[in-house]
Every structure is written in structure tokens, then in C-alpha cells.
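Asks: Got a structure here, written out as C-alpha cells. Questions coming.
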Amino acid sequence: MPPNYANGIAMRLNMLIYLIVACCWGKSLSIPQQILNEFKSTLLPLFGLKEQPKIEGKVQVPEALKKIYNIQNNFEYDTASLPLPGLYTKSANTIRSFTHVESPIDEKFVHPHRFRLKFNISSIPRHEKLTAAEIKLTRETAKNTSHPFQRVLVHDILQPGVKGLHGPITRVIDSKVVDSRKNTTVSIDVFPAVARWMQDPKTNHGILIVVYSIGAKKSPPEKHLRLRRDTAPPQWYQHQPLLFTYTDDGKNQQRTGTELTKMRPKRQSSRRHRKNLKDPCRRRQMYVDFGSVGWNDWIVAPLGYDAYYCGGECEYPIPDHMNTTNHAIVQSLVNSMKPKEVPGPCCVPTQLGQMSMLYLGSDGSVILKNYKEMVVVGCGCR
């Protein structure tokens, strides 16, 4: 890691120290508005946000996103990509969830096994690359059914129908066979449709989902899929269809498997040091509390995190475990002989880890994003 880059990261983290000290001493210590403004103006762009999200009404955080957040935090190796087994998300580091946009068109679908789902994805930045998209449907166990197996057909609506002239022009993009006797989540692939919507928002006419009973000639399938609102809000929030988009913002450099195995597990660093060093260079405690700046209304998790910082002296001779460079060793040697002419090496981050954040968007979406280089993992003399 270049010294200037590492120093820049350190300065960005150290500017939070005033805020963190205020958190530690309690709410009685007021934080000047100028410091708060600088804190917000620096971190919001870092999080990929132009302004602080304004939350109106209650937003339900999907359990699926909570589980992915926990998976990411418990992952053995540090990576900003999404480690999701069974889902090919490539280098995606951002997940967004969207709910169905209700409209008068919903009333035209009277049968429970045929319904249109419409999602507003305009909040996805145009520069982000879509790597995967899926709709998750919840369902309940069907009872006393003679034809338990059902096929779920997913149609991309290319053009809406015209009343009295023709029906909608659609294209089948996914098909799933489900056992209605089992109570599990159904995941359907809608990547082709969402990719087209992102390229041309005017083509977003929604998704048409049709359910058939396999083996039944005339009888309609028994209702078990949750496609439309037919329950009270609290229960509907837990069972409503959700669109999940997986995108890559381009800020995450994908590591190979070999690179990951060579890395130390995240949030670990060596604390061995020479006894002759008065205050050796090492990682030190620094906690960032989002609640102190009033961000706890849109940040779901974490409420704060251990960012750490590097501090201490880099005296000659520099110990081997300090992960130093040859240039730093030479600089340290010259500094010991000419301390007034050449400054000594600096204690800076040499390894930085990622942090996952689950937060709410102004449009009602729920976002899970992984940010790299947010946590100091190792320190060294550079």
C-alpha cells in the first residue's frame, strides 16, 4: 500500500476522533455543528450517498437481508464481495430490495394464481453494474390438494396490453416447479428484465407471474403463493414479494481465491513488540457511533463499529513484525543519525478490512452494501 494512500485513509479516520471522544464522555459533551457537518459531508460520499436519506413511514427490513448481513460479518476472510453460496453474484457488493408498487391495475387481476408485479428501481445508480436479480415469493403449505406440484411461469412484460385490441406482449424468463405441500421461499430469476429496465426505464412494465397445477386439466391451482395484498399490513410486510438486485459499484477489486487464503483473517493483527520501544506502533481502539450524528433513523446495522487507528513510534531499529518497507528502514536509520534533517517513519495502516452496512433508502428500499478499507486490521512503519 503506498504511504500517501495509507496516510489518506488514516487522516480520514482520525478526523472522527473528536466525535468518538464525545461519544465516550457522554451526551453532555456537545459537538460543534461545524464538526458534525464535516463528518457528514465526508462520510456520505464515502457511502455513495449524495444526501442523508429521508425516511417517511415504516420500512420493513427483509429477513433475507438480515441473514446476508450476518453471513458477511461472520465470513472468515475479508472481502467486500457478497459470499452467497448458490447465487452467482460475481463481484457484487451491493444488494437492494424493492417492494411491489401498488396501482389500480392490481384490481384487474381477480385470480390468486395470476398477478402482475411492478417495481420502481430508479434509485439504482446508473454507473453500477447489475450482476444478478431475483424475486423472492413466500408461500404457505397447501392442504388437501390432489395435484401438489405446480409450475410458476415468470413473464417479462415487453409491451402492455391495449383494452379491446390485444393483450400484453410477454416473454418467459424463468420457470419453477414447486411442491405446494412444502412451506419454502421461491426464488425466480428476473435478471434479463431488470437489466433492460436499467438501460431504458421506459420499458419497465413489470413482471407477470402465472401459476399452473401440473396434471390438473381444469381446476385452478390451490392458493399458496403470496402475490398480492390480501392480509393486514403487519403480516403482509413479512410475506410480500420482494425484488433483490445485486450490483457492483466498481469500487471493489475482486480478490482471487489464492489471495484470500494468503490473507490474515479480518480484524486480527499482531501485537508483539520490542521492549525497547517506549510506545510502539500498533493498532489502537477507535469506535465510530452513528447515533451521535443522528443517523440511527436510517442506518439499521451496525449502530456503530470498531474502526481502529494506528498510533505509536517507529524508532530504529524497527522490529521485523512491523511490516515495514526497505525505504522505511533506511529512513529510520538516517533519522537516528540526523533527527533534525530527516523525519522518522510514520505509523500507518498497512492492511484495511471491509465493513457491511444495512440501511434504508429515501424511496423505501432497503440496501445492504459492503464497503472496503473501513477497518484498520494491521499497522506498520512506512
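If you're wondering about the labels, chains in the C-alpha cells are A, B, ... by order shown, residues count from 1 in each chain, ligands from 1 in order shown.
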Neighbours of region 332-347 of chain A within 8 Å (only C-alpha atoms; same-chain residues fewer than 2 positions away dropped), as a PyMOL selection string?
Replies: chain A and resi 281-282+310-318+328-330+349+379-382
Asks: Which is closer to Met374 (chain A) than all the others in A:Val186, A:Trp236, A:Leu43, A:Pro168, using only C-alpha atoms?
Replies: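 Residue with the minimum atom-to-atom distance to Met374 (chain A): A:Leu43.
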Asks: Neighbouring residues of region 146-150 of chain A were defined as those with any atom within 7 Å, considering only C-alpha atoms; residues of the same chain fewer than 5 positions away were excluded. Please report them as an mmCIF file with all heavy atoms, in the first residue's frame.
Replies:
data_model
loop_
_atom_site.group_PDB
_atom_site.id
_atom_site.type_symbol
_atom_site.label_atom_id
_atom_site.label_comp_id
_atom_site.auth_asym_id
_atom_site.auth_seq_id
_atom_site.Cartn_x
_atom_site.Cartn_y
_atom_site.Cartn_z
ATOM 1 N N VAL A 177 -40.817 -25.360 -10.833
ATOM 2 C CA VAL A 177 -41.786 -26.338 -10.344
ATOM 3 C C VAL A 177 -41.659 -26.403 -8.831
ATOM 4 O O VAL A 177 -40.564 -26.627 -8.299
ATOM 5 C CB VAL A 177 -41.542 -27.726 -10.957
ATOM 6 C CG1 VAL A 177 -42.488 -28.759 -10.341
ATOM 7 C CG2 VAL A 177 -41.721 -27.687 -12.467
ATOM 8 N N VAL A 178 -42.764 -26.199 -8.132
ATOM 9 C CA VAL A 178 -42.743 -26.178 -6.675
ATOM 10 C C VAL A 178 -43.727 -27.208 -6.124
ATOM 11 O O VAL A 178 -44.730 -27.555 -6.771
ATOM 12 C CB VAL A 178 -43.112 -24.777 -6.129
ATOM 13 C CG1 VAL A 178 -42.093 -23.752 -6.577
ATOM 14 C CG2 VAL A 178 -44.492 -24.369 -6.577
ATOM 15 N N ASP A 179 -43.419 -27.691 -4.958
ATOM 16 C CA ASP A 179 -44.291 -28.624 -4.249
ATOM 17 C C ASP A 179 -45.108 -27.811 -3.255
ATOM 18 O O ASP A 179 -44.564 -27.280 -2.283
ATOM 19 C CB ASP A 179 -43.459 -29.686 -3.533
ATOM 20 C CG ASP A 179 -44.310 -30.784 -2.902
ATOM 21 O OD1 ASP A 179 -45.540 -30.600 -2.796
ATOM 22 O OD2 ASP A 179 -43.740 -31.810 -2.501
ATOM 23 N N SER A 180 -46.385 -27.674 -3.507
ATOM 24 C CA SER A 180 -47.239 -26.827 -2.676
ATOM 25 C C SER A 180 -47.402 -27.361 -1.259
ATOM 26 O O SER A 180 -47.938 -26.670 -0.396
ATOM 27 C CB SER A 180 -48.613 -26.659 -3.327
ATOM 28 O OG SER A 180 -49.254 -27.903 -3.468
ATOM 29 N N ARG A 181 -46.961 -28.593 -1.010
ATOM 30 C CA ARG A 181 -47.067 -29.159 0.348
ATOM 31 C C ARG A 181 -45.924 -28.694 1.243
ATOM 32 O O ARG A 181 -45.930 -28.962 2.442
ATOM 33 C CB ARG A 181 -47.065 -30.692 0.273
ATOM 34 C CG ARG A 181 -48.259 -31.271 -0.463
ATOM 35 C CD ARG A 181 -48.077 -32.740 -0.768
ATOM 36 N NE ARG A 181 -46.918 -32.960 -1.652
ATOM 37 C CZ ARG A 181 -46.577 -34.156 -2.135
ATOM 38 N NH1 ARG A 181 -47.300 -35.227 -1.815
ATOM 39 N NH2 ARG A 181 -45.529 -34.277 -2.924
ATOM 40 N N VAL A 211 -49.411 -19.171 -12.273
ATOM 41 C CA VAL A 211 -49.208 -20.451 -11.599
ATOM 42 C C VAL A 211 -50.166 -21.483 -12.181
ATOM 43 O O VAL A 211 -51.367 -21.223 -12.310
ATOM 44 C CB VAL A 211 -49.425 -20.323 -10.072
ATOM 45 C CG1 VAL A 211 -49.104 -21.636 -9.382
ATOM 46 C CG2 VAL A 211 -48.571 -19.190 -9.511
ATOM 47 N N TYR A 212 -49.632 -22.665 -12.551
ATOM 48 C CA TYR A 212 -50.434 -23.764 -13.090
ATOM 49 C C TYR A 212 -50.294 -24.979 -12.191
ATOM 50 O O TYR A 212 -49.247 -25.217 -11.599
ATOM 51 C CB TYR A 212 -49.963 -24.155 -14.493
ATOM 52 C CG TYR A 212 -50.013 -23.048 -15.514
ATOM 53 C CD1 TYR A 212 -48.913 -22.228 -15.733
ATOM 54 C CD2 TYR A 212 -51.155 -22.846 -16.279
ATOM 55 C CE1 TYR A 212 -48.942 -21.215 -16.676
ATOM 56 C CE2 TYR A 212 -51.201 -21.829 -17.230
ATOM 57 C CZ TYR A 212 -50.096 -21.020 -17.428
ATOM 58 O OH TYR A 212 -50.131 -20.023 -18.366
ATOM 59 N N SER A 213 -51.364 -25.778 -12.126
ATOM 60 C CA SER A 213 -51.302 -27.068 -11.438
ATOM 61 C C SER A 213 -50.887 -28.125 -12.448
ATOM 62 O O SER A 213 -51.511 -28.278 -13.501
ATOM 63 C CB SER A 213 -52.662 -27.438 -10.832
ATOM 64 O OG SER A 213 -52.924 -26.673 -9.690
ATOM 65 N N ILE A 214 -49.825 -28.852 -12.141
ATOM 66 C CA ILE A 214 -49.348 -29.893 -13.047
ATOM 67 C C ILE A 214 -50.251 -31.119 -12.927
ATOM 68 O O ILE A 214 -50.419 -31.670 -11.841
ATOM 69 C CB ILE A 214 -47.883 -30.255 -12.729
ATOM 70 C CG1 ILE A 214 -46.985 -29.035 -12.913
ATOM 71 C CG2 ILE A 214 -47.405 -31.411 -13.604
ATOM 72 C CD1 ILE A 214 -45.531 -29.282 -12.580
ATOM 73 N N GLY A 215 -50.821 -31.556 -14.040
ATOM 74 C CA GLY A 215 -51.685 -32.728 -14.049
ATOM 75 C C GLY A 215 -53.155 -32.405 -13.979
ATOM 76 O O GLY A 215 -54.003 -33.251 -14.293
ATOM 77 N N ALA A 216 -53.495 -31.182 -13.579
ATOM 78 C CA ALA A 216 -54.901 -30.775 -13.495
ATOM 79 C C ALA A 216 -55.317 -30.127 -14.812
ATOM 80 O O ALA A 216 -54.640 -29.232 -15.309
ATOM 81 C CB ALA A 216 -55.117 -29.823 -12.335
#
Asks: Got a sec: who's within 8 Å of Val210 (chain A), counting only C-alpha atoms, leaving out chain neighbours fewer than 3 positions off, as an MDAnalysis selection string?
Replies: chainID A and resid 113:115 152:154
Asks: Can those selected residues be exported to a file as a PDB file, in the first residue's frame so that it contains N, CA, C and O atoms?
Replies:
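selection36.pdb was written with the following content:
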ATOM      1  N   HIS A 113     -53.846 -16.852  -8.732  1.00  0.00           N
ATOM      2  CA  HIS A 113     -52.731 -17.534  -9.386  1.00  0.00           C
ATOM      3  C   HIS A 113     -52.203 -16.755 -10.602  1.00  0.00           C
ATOM      4  O   HIS A 113     -51.404 -17.277 -11.375  1.00  0.00           O
ATOM      5  N   ARG A 114     -52.629 -15.529 -10.779  1.00  0.00           N
ATOM      6  CA  ARG A 114     -52.158 -14.707 -11.892  1.00  0.00           C
ATOM      7  C   ARG A 114     -52.085 -13.257 -11.413  1.00  0.00           C
ATOM      8  O   ARG A 114     -53.093 -12.684 -10.999  1.00  0.00           O
ATOM      9  N   PHE A 115     -50.876 -12.664 -11.507  1.00  0.00           N
ATOM     10  CA  PHE A 115     -50.736 -11.321 -10.957  1.00  0.00           C
ATOM     11  C   PHE A 115     -49.523 -10.633 -11.578  1.00  0.00           C
ATOM     12  O   PHE A 115     -48.532 -11.269 -11.950  1.00  0.00           O
ATOM     13  N   VAL A 152     -44.537 -22.407 -11.770  1.00  0.00           N
ATOM     14  CA  VAL A 152     -44.584 -20.956 -11.703  1.00  0.00           C
ATOM     15  C   VAL A 152     -43.889 -20.405 -12.947  1.00  0.00           C
ATOM     16  O   VAL A 152     -42.687 -20.599 -13.125  1.00  0.00           O
ATOM     17  N   LEU A 153     -44.652 -19.754 -13.812  1.00  0.00           N
ATOM     18  CA  LEU A 153     -44.097 -19.149 -15.016  1.00  0.00           C
ATOM     19  C   LEU A 153     -43.927 -17.645 -14.805  1.00  0.00           C
ATOM     20  O   LEU A 153     -44.855 -16.973 -14.351  1.00  0.00           O
ATOM     21  N   VAL A 154     -42.758 -17.143 -15.154  1.00  0.00           N
ATOM     22  CA  VAL A 154     -42.449 -15.739 -14.956  1.00  0.00           C
ATOM     23  C   VAL A 154     -42.311 -15.082 -16.333  1.00  0.00           C
ATOM     24  O   VAL A 154     -41.444 -15.467 -17.131  1.00  0.00           O
TER      25      VAL A 154
END
Asks: Quote the spacing between CA of Glu140 (chain A) and CA of Tyr246 (chain A) in Å to one decimal place.
Replies: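 So the answer is 26.8 Å.
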Asks: So that I can check the surroundings of Ala195 (chain A), please list as a list in words every protein, DNA and RNA residue that reaches within 7 Å of it, counting only C-alpha atoms and ignoring chain neighbours fewer than 4 positions away.
Replies: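 Close residues of Ala195 (chain A): Leu130, Phe191 and Gln199 of chain A.
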Asks: Given the selection you just returned, output its residues as a file containing C-alpha atoms, formatted as a short mmCIF file (atom, residue, chain, number, x, y, z; two decimals), in the first residue's frame.
Replies:
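Dumped everything to out_15.cif:
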data_model
loop_
_atom_site.label_atom_id
_atom_site.label_comp_id
_atom_site.auth_asym_id
_atom_site.auth_seq_id
_atom_site.Cartn_x
_atom_site.Cartn_y
_atom_site.Cartn_z
CA LEU A 130 -26.08 -5.31 -12.43
CA PHE A 191 -32.07 -10.60 -14.47
CA GLN A 199 -30.84 0.52 -19.60
#
Asks: With DSSP run on the backbone, what are the helix (DSSP H, G or I) residues within region 60-165 of chain A? I'd like them as a count of residues only.
Replies: 16
Asks: What lies within 7 Å of Asp156 (chain A) using only C-alpha atoms, ignoring chain neighbours under 3 positions off, as a ChimeraX atom specification?
Replies: /A:170-173,193,206-208
Asks: For Lys129 (chain A), find every residue with an atom within 12 Å (counting only C-alpha atoms), except residues of its own chain fewer than 4 positions away, and show them as a ChimeraX atom specification.
Replies: /A:89-95,124-125,133,191,194-195,198-199,245-252
Asks: Considering only C-alpha atoms, can you say which of A:Ile299, A:Val375, A:Glu107, A:Thr350 comes closest to Thr324 (chain A)?
Replies: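 Among A:Ile299, A:Val375, A:Glu107, A:Thr350, it is A:Thr350 that comes nearest to Thr324 (chain A).
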